Structure formats: C-alpha cells, structure tokens
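Visitor: If you scroll down you'll find the structure; I have some questions about it.
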Amino acid sequence: MSRQDDKPVAGGRLFVVATPIGNLDDLSPRARATLAQADLIAAEDTRHSAALLRHHGIATRTVALHEHNEREAGADLVRRMQAGANIALISDAGTPLVSDPGYRLVRAARAAGVAVSPIPGACAAIAALSAAGLPSDRFVFEGFLPAKSAARRATLQTLRGETRTLIFYESSHRIVETLHDLVAEFGGEREAVVARELTKQFETVLDGTLAQLSERVGDDANQQRGEFVVLVKGTDGDDAAAVLAEGMRVYQILSAELPPSRAAKLAAEITGAPRKALYATHGREDA
Ligand code: SAM
C-alpha cells in the first residue's frame, strides 16, 4: 500500500503535522484526517491546541510534549510507537521543529527505527517569504535573535555580509529594539519587510528600507502588536568588496586563535566571503 494514503497505517509511525499560524481553516484535509485517526496527539500545549481540535471536530486524546519534558515524554512516546501506536506531533502554531519543540522526538523516533512522516502546511517564515517580494531563490532562516541587545548585535554583526535573504522571528516585546539594532548593524538603507499577524485579522506586510520600517513601527503602537517575521534582503552581490572586508575582519580575529585554514573556513562560513581569498591573505601577512 502506498505511503501517500491519508490514513495512518498500523505499525507505529510519527506524523509531524503542521497546524495553522492564525487562521484555523489553514489546516489541510490530510492534516485533519491524520490528527483524527492518530492514536494520540503530542501537543506543545494541550489547552492551546484544544481550540483547533474542537474547531475541526477532532476528538483524539492529547498529551503534552514541550521543551521541558521532551526527553522523558519523548522516550515514552517512542516506546508506544514501537508497540504500534500512530502518534501525531503538533506545536502551538505552524510547523513543529521550526522554532518549536519536536527535534528530540523526531531524532529519537528515527534512531529507534520508527518511521517519521511530515504532513506539511503553514510555516510563518515561508508564508512571509512568499508575500515579501524579496529574493526568494536563496534564503537563510535565523529564527529568534538573542533577547539581550549586546548578544543580538553580536549575532547581527556575523550576518552583515550574508548575501541571501535573511528571515527572523520576533515577538511584540522586542520588535522595536530589533529593528533598531538591524539599522545599526546593517545600515538604514537595506531593503526589508516586516510581516505581522499573517493570516489573521490585522495582517500587515510592510516593506521599505530598514530605517523607514524602524521609524514606521516605532511610531505606531498598533504596528508593534502581535507576531512578526522580519525579512532583510541580503547584501548585494555587487557589494562583494564589503563582504570581503567583513570576511577579513572576522578572519583576523579567528586566526589569532586558530590555524589559518580553519580560521579562513570559519570566517567564510560566517560572512559569506570566499574562503580562498581570505586564506590567500595569510602568506601576505606573514611576509
Ligand atoms: N513553528 C512556527 C512556524 O512554523 O512558523 C513558529 C513558532 S515560533 C514559537 C512563533 C513565532 O513565529 C512568532 O513569535 C512569530 O515570530 C512567528 N509567527 C508565528 N505565527 C505568525 C503569524 N501569524 N504572523 C507572523 N509571524 C508569526
């Protein structure tokens, strides 16, 4: 029988099921059927998911699986799947494992020989990218930036030379500070998009330069409410000199502690500068 069927089959399988990021009708028919027919739903927050399950008439029993109990609760779930249970994993919103719990469970299930199937659906990062109008052929997902400004600025510094579109998650508590730090680290002229409350009543997708967006959101309390995806255009391909300069800066710091080849490899990974160009400076410095 084909594995493409909607029905979970006997033998114990983990279904990683994406749920809506706001609009409850964004649950696919296959996700609904999988949740309805699973033996058990492992949910990040059972009370939060109850509304979704009720809305779709799903009566399957739920158990909590969150970042604090993932190790022990996950081991128990793996035993149940080995014994034949079909279990669906969901998080509060969107795709499990994407800035959400589930990684340990999926890893443990696969290590125990339990088959794992994705039931794809909403993901805020991809939804935002699809509507942003920024280059979408290559992008990097950075999840949440650090909560404290110094650590956030340090992380952003390592991303200055990135040429791919950058995607961040942010909450209402920090959106103003994060936009401020983005301006400080990437410059106000960089193109960006702030996608807020996607699929919900107050959905807003703002575009502009980082300076414009920082001002617009900073000046309007309504634009600071809800959930956010921030997308920033990568540094321009023809801005190669700036990327190389940043690569050199990082390479010099790292090469004080590491062998030159390792320092060049890491500096290239961090900044996007060509590794060979960084390494080539080694001999010149020594000379
Ligand atoms: N697993 C989810 C996914 O697939 O997108 C993400 C979970 S993460 C804990 C929650 C963050 O995702 C929010 O703080 C926000 O940055 C982003 N997010 C979730 N829903 C959103 C929405 N409707 N509009 C904009 N951003 C959203």
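Residue numbering restarts at 1 for every chain of the structure tokens, chains are lettered A, B, ... in their displayed order, and ligands are numbered from 1 as they appear.
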Write out as an MDAnalysis selection string the set of residues from segment 101-228 of chain A that DSSP, computed on the backbone, places in helix (DSSP H, G or I).

Guide: chainID A and resid 103:111 124:132 149:159 175:186 210:219 221:224

Visitor: Determine, for each residue of segment 104-217 of chain A having at least one atom at most 10 Å from an atom of segment 12-23 of chain A, the closest pair of atoms and their separation in Å to one decimal, counting only C-alpha atoms; order by chain and ascending number, as CSV.

Guide:
```
residue,atom,partner,partner_atom,distance
A:Leu105,CA,A:Leu14,CA,9.2
A:Val106,CA,A:Leu14,CA,7.8
A:Ala109,CA,A:Leu14,CA,7.5
A:Arg110,CA,A:Leu14,CA,9.2
A:Gly113,CA,A:Arg13,CA,9.6
A:Val114,CA,A:Arg13,CA,5.9
A:Ala115,CA,A:Arg13,CA,5.1
A:Val116,CA,A:Leu14,CA,4.7
A:Ser117,CA,A:Phe15,CA,4.9
A:Pro118,CA,A:Val16,CA,4.7
A:Ile119,CA,A:Val17,CA,4.7
A:Pro120,CA,A:Ala18,CA,5.4
A:Gly121,CA,A:Ala18,CA,4.9
A:Ala122,CA,A:Pro20,CA,5.6
A:Cys123,CA,A:Ile21,CA,7.0
A:Ala124,CA,A:Ile21,CA,6.6
A:Ala127,CA,A:Ile21,CA,9.4
A:Glu197,CA,A:Gly22,CA,7.6
A:Leu198,CA,A:Gly22,CA,7.0
A:Thr199,CA,A:Asn23,CA,5.4
A:Lys200,CA,A:Gly22,CA,5.4
A:Gln201,CA,A:Asn23,CA,8.8
A:Glu203,CA,A:Gly22,CA,9.9
```

Visitor: Going by DSSP on the backbone, which bits of segment 169-285 of chain A are strand (DSSP E)? Write them as a list in words, please.

Guide: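 Of segment 169-285 of chain A, the ones in strand (DSSP E) are Tyr169, Glu170, Ser171, Glu191, Ala192, Val193, Val194, Ala195, Arg196, Thr204, Val205, Leu206, Asp207, Gly208, Thr209, Glu227, Phe228, Val229, Val230, Leu231 and Val232 of chain A.
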
Visitor: How would you report the residues lying within 8 Å of ligand 1, as an MDAnalysis selection string, if you count only C-alpha atoms and all ligand atoms?

Guide: chainID A and resid 18 21:22 91:100 122:126 128 143:144 168:172 195:200 203 226:230

Visitor: Based on the selection just made, write C-alpha atoms of those residues as a tab-separated table (two decimals), in the first residue's frame.

Guide:
```tsv
chain	number	residue	atom	x	y	z
A	18	ALA	CA	1.77	21.44	10.57
A	21	ILE	CA	-0.43	30.09	12.13
A	22	GLY	CA	-3.61	32.04	12.82
A	91	SER	CA	3.04	22.61	18.10
A	92	ASP	CA	1.08	25.72	19.06
A	93	ALA	CA	1.26	27.04	15.50
A	94	GLY	CA	2.81	26.20	12.17
A	95	THR	CA	5.37	23.52	11.54
A	96	PRO	CA	6.73	21.63	14.56
A	97	LEU	CA	10.54	21.84	15.00
A	98	VAL	CA	10.66	25.28	13.31
A	99	SER	CA	11.49	27.40	16.40
A	100	ASP	CA	9.30	24.87	18.21
A	122	ALA	CA	1.74	26.52	7.36
A	123	CYS	CA	5.08	27.96	8.42
A	124	ALA	CA	5.30	31.68	9.24
A	125	ALA	CA	8.77	32.06	7.70
A	126	ILE	CA	7.73	30.61	4.35
A	128	ALA	CA	6.18	35.71	4.95
A	143	GLY	CA	14.77	32.00	13.97
A	144	PHE	CA	14.70	34.26	17.04
A	168	PHE	CA	13.96	36.29	11.61
A	169	TYR	CA	11.13	35.59	14.02
A	170	GLU	CA	10.29	38.30	16.52
A	171	SER	CA	7.76	38.98	19.25
A	172	SER	CA	5.87	42.15	20.11
A	195	ALA	CA	5.21	40.69	8.16
A	196	ARG	CA	2.80	40.89	11.10
A	197	GLU	CA	-0.13	38.71	12.14
A	198	LEU	CA	-0.13	36.66	8.94
A	199	THR	CA	-3.46	35.00	8.10
A	200	LYS	CA	-5.12	36.90	10.97
A	203	GLU	CA	-2.32	41.00	8.86
A	226	GLY	CA	1.12	40.55	17.50
A	227	GLU	CA	3.61	38.16	15.92
A	228	PHE	CA	6.28	39.14	13.44
A	229	VAL	CA	8.51	37.82	10.74
A	230	VAL	CA	11.28	40.22	9.74
```

Visitor: Using only C-alpha atoms, find the one residue out of A:Ser214, A:Ser28, A:Gln252, A:Thr271 that sits nearest to Glu162 of chain A.

Guide: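 Of A:Ser214, A:Ser28, A:Gln252, A:Thr271, the one nearest Glu162 of chain A, counting only C-alpha atoms, is A:Thr271.
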
Visitor: Can you pull out the residues contacting Thr155 of chain A? Cut-off 10 Å, using only C-alpha atoms, and skip same-chain residues under 6 positions away; I want them as a PDB file with all heavy atoms, in the first residue's frame.

Guide:
```pdb
ATOM      1  N   GLU A 142      16.953  32.418  10.430  1.00  0.00           N
ATOM      2  CA  GLU A 142      17.741  32.612  11.653  1.00  0.00           C
ATOM      3  C   GLU A 142      16.914  32.435  12.915  1.00  0.00           C
ATOM      4  O   GLU A 142      17.436  32.553  14.016  1.00  0.00           O
ATOM      5  CB  GLU A 142      18.370  34.013  11.645  1.00  0.00           C
ATOM      6  CG  GLU A 142      19.569  34.124  10.714  1.00  0.00           C
ATOM      7  CD  GLU A 142      20.787  33.364  11.260  1.00  0.00           C
ATOM      8  OE1 GLU A 142      21.009  33.387  12.486  1.00  0.00           O
ATOM      9  OE2 GLU A 142      21.509  32.757  10.456  1.00  0.00           O
ATOM     10  N   LEU A 145      16.326  36.034  17.248  1.00  0.00           N
ATOM     11  CA  LEU A 145      17.618  36.612  17.643  1.00  0.00           C
ATOM     12  C   LEU A 145      17.704  36.581  19.169  1.00  0.00           C
ATOM     13  O   LEU A 145      16.683  36.489  19.849  1.00  0.00           O
ATOM     14  CB  LEU A 145      17.712  38.056  17.145  1.00  0.00           C
ATOM     15  CG  LEU A 145      17.985  38.199  15.647  1.00  0.00           C
ATOM     16  CD1 LEU A 145      17.596  39.592  15.164  1.00  0.00           C
ATOM     17  CD2 LEU A 145      19.451  37.906  15.350  1.00  0.00           C
ATOM     18  N   PRO A 146      18.917  36.690  19.735  1.00  0.00           N
ATOM     19  CA  PRO A 146      19.019  36.723  21.197  1.00  0.00           C
ATOM     20  C   PRO A 146      18.190  37.857  21.790  1.00  0.00           C
ATOM     21  O   PRO A 146      18.032  38.914  21.170  1.00  0.00           O
ATOM     22  CB  PRO A 146      20.513  36.952  21.433  1.00  0.00           C
ATOM     23  CG  PRO A 146      21.185  36.488  20.195  1.00  0.00           C
ATOM     24  CD  PRO A 146      20.231  36.756  19.072  1.00  0.00           C
ATOM     25  N   SER A 149      20.264  42.935  23.940  1.00  0.00           N
ATOM     26  CA  SER A 149      20.742  43.727  22.806  1.00  0.00           C
ATOM     27  C   SER A 149      22.201  43.432  22.441  1.00  0.00           C
ATOM     28  O   SER A 149      22.530  43.329  21.259  1.00  0.00           O
ATOM     29  CB  SER A 149      20.556  45.209  23.079  1.00  0.00           C
ATOM     30  OG  SER A 149      20.921  45.935  21.933  1.00  0.00           O
ATOM     31  N   GLU A 185      23.344  47.721  12.661  1.00  0.00           N
ATOM     32  CA  GLU A 185      24.337  46.751  12.167  1.00  0.00           C
ATOM     33  C   GLU A 185      24.379  46.613  10.646  1.00  0.00           C
ATOM     34  O   GLU A 185      25.420  46.326  10.081  1.00  0.00           O
ATOM     35  CB  GLU A 185      24.081  45.370  12.788  1.00  0.00           C
ATOM     36  CG  GLU A 185      24.323  45.333  14.286  1.00  0.00           C
ATOM     37  CD  GLU A 185      25.747  45.742  14.676  1.00  0.00           C
ATOM     38  OE1 GLU A 185      26.685  45.607  13.861  1.00  0.00           O
ATOM     39  OE2 GLU A 185      25.920  46.227  15.804  1.00  0.00           O
TER      40      GLU A 185
END
```

Visitor: What is the distance, in Å and to one decimal place, between atom CA of Ala64 of chain A and atom CA of Leu52 of chain A?

Guide: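 Between these atoms lies a distance of 15.2 Å.
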
Visitor: Find the spatial neighbours of Leu210 of chain A, counting only C-alpha atoms, within a cut-off of 7 Å - ignore same-chain residues fewer than 2 positions away - and output them as a list in words.

Guide: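 Everything that qualifies: Val183, Gly188, Glu189, Arg190, Glu191, Ala192, Gly208, Gln212, Leu213 and Ser214 of chain A.
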
Visitor: Tell me, as a ChimeraX atom specification, which residues lie within 10 Å of Thr34 of chain A, counting only C-alpha atoms; anything in the same chain fewer than 2 positions away does not count.

Guide: /A:5-8,15-17,28-32,36-39,41,58,86-88,119

Visitor: When you draw a straight line from atom CA of Leu166 of chain A to atom CA of Tyr103 of chain A, how long is it in Å?

Guide: 22.3 Å

Visitor: So how far away is atom CA of Pro274 of chain A from atom CA of Pro259 of chain A, in Å?

Guide: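 Computing the Euclidean distance for atom CA of Pro259 of chain A and atom CA of Pro274 of chain A yields 17.2 Å.
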
Visitor: Out of A:Pro135, A:Gly272, A:Pro260, A:Gly57, which residue has the shortest atom-to-atom distance to Ala33 of chain A when counting only C-alpha atoms?

Guide: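 Nearest candidate to Ala33 of chain A out of A:Pro135, A:Gly272, A:Pro260, A:Gly57: A:Gly57.
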